[in-house]
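Asks: One structure follows; several queries about it will come next.
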Amino acid sequence: MENKEFTNFIHDIIDEDNESGKHGGRVQTRFPPEPNGYLHIGHAKSICLNFGTAIKYGGKCNLRFDDTNPSKEEDEYVRSIREDVHWLGFDWAEREFYASDYFEELYEFAVELIKLGKAYVCELSATEIREFHGTLKEPGKPSPWRERSIEENLELFERMRSGEFEEGKYTLRAKIDMSSPNMHMRDPVIYRIMYAHHHRTGNKWCIYPMYDFTHCLSDSLERITHSLCTLEFEVHRPLYDWFLDELEVFHSRQIEFARLNLTYTVMSKRKLLMLVKEGYVSGWDDPRMPTICGLRRRGYTPESIREFCDRIGVAKRDSMVDLALLEHCLRDHLNKIAPRYMAVLNPLKVIIDNYPADKTEYLEAINNPEDPDAGSRMVPFSREIYIEREDFMEDAPKKFYRLTPGSEVRLRYAYFIQCENVVKDAEGNILEIHCTYDPASSGGNSPDGRKVKATLHWVSIPTAFKAEVRHFDNLLTVSDPATEDKDFLELINKDSLHILENCPMEPALKDLKAGERIQFERIGYYCVDSKDSAPEKPVFNRTVGLKDEWARMQNR
RNA sequence: UGGGCUGUAGUAUAAUGGUAGUACAGCGGAUUCUGGUUCCGUAUGUGGGGGUUCGACUCCUCCCAGCCCAGCCA
């Protein structure tokens, strides 16, 4: 795959392991989402890293659902995660695993730990555990139940499993070090009692293992060689290693990397959920959302997301990636694959006075200048057309080289025209403009070789159909919400959706399929919305605009 | 500050004791039937001090800054 040329500190570690023969050259990774929400672009980084690393080293990557908390996890999320990972272009073959597949083994590991004198059943309440836990600067105090006999622990743990106790009454804790400067080593809870229905095991269990206990052992059971996770788990690593060492099982190596942050975007599940719940967006797949399903609906290609993930690199320092890089990768791919069409977003009527009133001719237009195989199509042209209002100026600055009274421009694939007359209403608003064309410039070139400074897109009025176009802005008004003093709510862009109704389009645009990606010439890349489009009534989402040198000049 | 981690152009990364490079963004130009694409050029950087060394982004040391950890969440 394309990431062969990319390297990072994790691959350096793998190279060292391969050289020392640590795993006999075998590389096995896993992508371990908790099925409690939708995947977003941050997960894409992890997916590309885990699957990409496996591909690079000829290894395998498992998809493992980390489903140890039945109160939060649902099957709907499992389905969406599967769909999104597949859509991104990765395949886990038959290796779709669930931490819940290992509940029986994990239980046995816990029993083993008790037998080793390394775990005990604790009767402290949640509040008491917190009180005994100490603080960052003060050591904790040992639980009064810490020195129970192995026999008693075994018996109580079994009774926990059999449902004899109410929720929260007992926990199983690892017996490590209550005075450790690492809070995670102060006798962490490894099993809790929960009477909840689990999406896969139903009501079979009423005790559920905690993350720290589950994750390392799941990695071990799957013989994961390199367990890649985000930075916040760095302080968990001693515990990860402790379980594997005490139980003397296959030892995976946890390696942490920095999660993705993107400018003008939020990635936290909580904040994303808030945007959905409070109605700032229409749902998880709203085209403004950084979720995989949102990006998909927006018109992103999996290739562009993978390219982006390759190019941002992998490191340990917290970082904030410029959205512009993602958009660059997007445009780069879309430029190669998106067929071009003409549509006018803000129409201005143009009447070509010297063109026959009853005539319609069909002109050949190239579908994609970047792709000869894309062929061409015939576009209808007639006396009355729409052009973009921004493409005409009565009193234009020097740098404006579109249509002005007295200048000549080209209508793409059609003719050269000149503006002769401007019709206005009583308030001085321009209603329409009258032009003349040069019949000799048919197809867009003049036989005398004279040049024009601009080429305009246009739509013939009699054959036009009108459609809805949606433009999206960033969900946030600031690039990095973490550095702002304000509440998250105040940073939300309340004006991130712009709907343009009745935009005239060339006829060919009527027959596109949902999800199809195209370019409106000179405007941007769009796709047919997969939810709100109807047959012959497409709704177009702006995926990303074309770079706009003119707009940039005006902003300066 | 109890512990852990991280500091390289605006941003993201490379250089693993030997010329600080690449990409995006920026700026300037060329080409162009998309002010798109493409091409060329250009400015900007090793958090700070001390040390080791012929030579330090790299090793040592002190300092500074930022991030993570006190869920029966993951």
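Simple scheme: letters A, B, ... for chains in structure tokens order, numbers from 1 for residues in each chain, numbers from 1 for ligands in the order shown.
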I need the contact residues of chain B against chain A, so if you could list those with any atom within 9 Å, counting only C-alpha atoms (C1' of nucleotides), and return them as a ChimeraX atom specification, that would help.
Replies: /B:1-7,11-13,23-25,33-37,66-70,72-74
Asks: Can you tell me which residues surround G41 of chain B at a distance of at most 12 Å, considering only C-alpha atoms (C1' of nucleotides), apart from same-chain residues fewer than 4 positions away, and format the answer as a PyMOL selection string?
Replies: chain B and resi 27-30
Asks: Using the selection just defined, write its residues with all heavy atoms as an mmCIF file, in the first residue's frame.
Replies:
data_model
loop_
_atom_site.group_PDB
_atom_site.id
_atom_site.type_symbol
_atom_site.label_atom_id
_atom_site.label_comp_id
_atom_site.auth_asym_id
_atom_site.auth_seq_id
_atom_site.Cartn_x
_atom_site.Cartn_y
_atom_site.Cartn_z
ATOM 1 P P C B 27 -0.401 34.565 0.123
ATOM 2 O OP1 C B 27 -1.331 35.705 0.258
ATOM 3 O OP2 C B 27 -0.755 33.411 -0.732
ATOM 4 O "O5'" C B 27 1.025 35.108 -0.343
ATOM 5 C "C5'" C B 27 1.645 36.184 0.342
ATOM 6 C "C4'" C B 27 3.065 36.334 -0.131
ATOM 7 O "O4'" C B 27 3.828 35.155 0.231
ATOM 8 C "C3'" C B 27 3.249 36.400 -1.640
ATOM 9 O "O3'" C B 27 2.952 37.679 -2.158
ATOM 10 C "C2'" C B 27 4.715 36.032 -1.785
ATOM 11 O "O2'" C B 27 5.560 37.107 -1.420
ATOM 12 C "C1'" C B 27 4.841 34.934 -0.742
ATOM 13 N N1 C B 27 4.657 33.592 -1.335
ATOM 14 C C2 C B 27 5.745 33.019 -2.018
ATOM 15 O O2 C B 27 6.802 33.649 -2.095
ATOM 16 N N3 C B 27 5.611 31.798 -2.578
ATOM 17 C C4 C B 27 4.444 31.142 -2.476
ATOM 18 N N4 C B 27 4.358 29.939 -3.036
ATOM 19 C C5 C B 27 3.315 31.702 -1.788
ATOM 20 C C6 C B 27 3.471 32.923 -1.242
ATOM 21 P P G B 28 2.293 37.789 -3.617
ATOM 22 O OP1 G B 28 1.921 39.204 -3.779
ATOM 23 O OP2 G B 28 1.288 36.728 -3.794
ATOM 24 O "O5'" G B 28 3.513 37.459 -4.591
ATOM 25 C "C5'" G B 28 4.596 38.367 -4.692
ATOM 26 C "C4'" G B 28 5.662 37.806 -5.587
ATOM 27 O "O4'" G B 28 6.177 36.575 -5.014
ATOM 28 C "C3'" G B 28 5.220 37.378 -6.976
ATOM 29 O "O3'" G B 28 5.054 38.461 -7.857
ATOM 30 C "C2'" G B 28 6.376 36.469 -7.380
ATOM 31 O "O2'" G B 28 7.524 37.213 -7.733
ATOM 32 C "C1'" G B 28 6.641 35.737 -6.065
ATOM 33 N N9 G B 28 5.916 34.464 -6.023
ATOM 34 C C8 G B 28 4.765 34.156 -5.346
ATOM 35 N N7 G B 28 4.383 32.911 -5.528
ATOM 36 C C5 G B 28 5.339 32.376 -6.387
ATOM 37 C C6 G B 28 5.465 31.079 -6.949
ATOM 38 O O6 G B 28 4.727 30.098 -6.787
ATOM 39 N N1 G B 28 6.577 30.954 -7.764
ATOM 40 C C2 G B 28 7.466 31.974 -8.008
ATOM 41 N N2 G B 28 8.488 31.690 -8.834
ATOM 42 N N3 G B 28 7.379 33.190 -7.495
ATOM 43 C C4 G B 28 6.299 33.313 -6.700
ATOM 44 P P G B 29 4.002 38.302 -9.076
ATOM 45 O OP1 G B 29 3.970 39.625 -9.740
ATOM 46 O OP2 G B 29 2.749 37.711 -8.561
ATOM 47 O "O5'" G B 29 4.653 37.212 -10.044
ATOM 48 C "C5'" G B 29 5.716 37.572 -10.910
ATOM 49 C "C4'" G B 29 6.350 36.346 -11.496
ATOM 50 O "O4'" G B 29 6.527 35.319 -10.489
ATOM 51 C "C3'" G B 29 5.577 35.595 -12.578
ATOM 52 O "O3'" G B 29 5.607 36.257 -13.832
ATOM 53 C "C2'" G B 29 6.344 34.283 -12.615
ATOM 54 O "O2'" G B 29 7.591 34.424 -13.268
ATOM 55 C "C1'" G B 29 6.593 34.045 -11.124
ATOM 56 N N9 G B 29 5.568 33.162 -10.564
ATOM 57 C C8 G B 29 4.541 33.462 -9.702
ATOM 58 N N7 G B 29 3.797 32.421 -9.410
ATOM 59 C C5 G B 29 4.362 31.375 -10.136
ATOM 60 C C6 G B 29 3.994 30.006 -10.227
ATOM 61 O O6 G B 29 3.059 29.419 -9.674
ATOM 62 N N1 G B 29 4.840 29.306 -11.072
ATOM 63 C C2 G B 29 5.907 29.841 -11.749
ATOM 64 N N2 G B 29 6.603 29.004 -12.522
ATOM 65 N N3 G B 29 6.266 31.112 -11.667
ATOM 66 C C4 G B 29 5.458 31.815 -10.841
ATOM 67 P P A B 30 4.472 35.934 -14.943
ATOM 68 O OP1 A B 30 4.676 36.878 -16.054
ATOM 69 O OP2 A B 30 3.163 35.859 -14.251
ATOM 70 O "O5'" A B 30 4.840 34.462 -15.440
ATOM 71 C "C5'" A B 30 5.976 34.258 -16.278
ATOM 72 C "C4'" A B 30 6.082 32.809 -16.645
ATOM 73 O "O4'" A B 30 6.153 32.007 -15.437
ATOM 74 C "C3'" A B 30 4.881 32.233 -17.384
ATOM 75 O "O3'" A B 30 4.905 32.518 -18.759
ATOM 76 C "C2'" A B 30 5.048 30.745 -17.115
ATOM 77 O "O2'" A B 30 6.070 30.184 -17.911
ATOM 78 C "C1'" A B 30 5.524 30.760 -15.656
ATOM 79 N N9 A B 30 4.390 30.632 -14.723
ATOM 80 C C8 A B 30 3.777 31.607 -13.978
ATOM 81 N N7 A B 30 2.784 31.167 -13.238
ATOM 82 C C5 A B 30 2.734 29.812 -13.519
ATOM 83 C C6 A B 30 1.908 28.763 -13.064
ATOM 84 N N6 A B 30 0.922 28.947 -12.180
ATOM 85 N N1 A B 30 2.126 27.522 -13.564
ATOM 86 C C2 A B 30 3.113 27.340 -14.446
ATOM 87 N N3 A B 30 3.969 28.242 -14.943
ATOM 88 C C4 A B 30 3.726 29.463 -14.439
#
Asks: Any idea what the distance is between atom CA of Pro302 of chain A and atom CA of Ala44 of chain A?
Replies: 9.8 Å
Asks: Segment 38-125 of chain A near segment 146-164 of chain A within 12 Å: what's each residue's closest atom pair and its distance in Å to one decimal, counting only C-alpha atoms, ordered by chain then ascending residue number, as CSV?
Replies:
residue,atom,partner,partner_atom,distance
A:Phe103,CA,A:Arg161,CA,11.3
A:Glu104,CA,A:Arg161,CA,11.0
A:Tyr107,CA,A:Arg161,CA,9.1
A:Glu108,CA,A:Glu158,CA,10.7
A:Ala110,CA,A:Phe157,CA,9.0
A:Val111,CA,A:Leu154,CA,6.8
A:Glu112,CA,A:Leu154,CA,9.5
A:Leu113,CA,A:Ile150,CA,9.8
A:Ile114,CA,A:Ile150,CA,6.2
A:Lys115,CA,A:Ile150,CA,6.0
A:Leu116,CA,A:Ile150,CA,8.2
A:Gly117,CA,A:Ile150,CA,6.4
A:Lys118,CA,A:Ile150,CA,9.3
A:Ala119,CA,A:Asn153,CA,8.1
A:Tyr120,CA,A:Asn153,CA,5.7
A:Val121,CA,A:Asn153,CA,5.6
A:Cys122,CA,A:Arg146,CA,7.0
A:Glu123,CA,A:Arg146,CA,9.6
A:Leu124,CA,A:Arg146,CA,10.4
Asks: Atom CA of Glu248 of chain A to atom CA of Lys175 of chain A: how many Å, to one decimal?
Replies: 16.4 Å
Asks: Could you find all residues in segment 250-383 of chain A that DSSP calls helix (DSSP H, G or I) from the backbone, and write them as a PyMOL selection string?
Replies: chain A and resi 269-277+292-298+302-312+323-337+372-374
Asks: Given only C-alpha atoms (C1' of nucleotides) as the basis, pick out the residue of B:G18, B:C40, B:G10, B:G71 nearest to G55 of chain B.
Replies: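 Using only C-alpha atoms (C1' of nucleotides), G55 of chain B sits closest to B:G18.
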Asks: Work out how far atom CA of Phe31 of chain A is from atom CA of Cys229 of chain A, in Å to one decimal.
Replies: 9.0 Å
Asks: Pick out each residue of segment 149-396 of chain A that DSSP on the backbone tags as strand (DSSP E or B); I need them as a PyMOL selection string.
Replies: chain A and resi 171-174+189-193+198+202+207-209+226-230+253-257+262+291+321+340-341+343+347-352+360-366+376-382+384-388+392
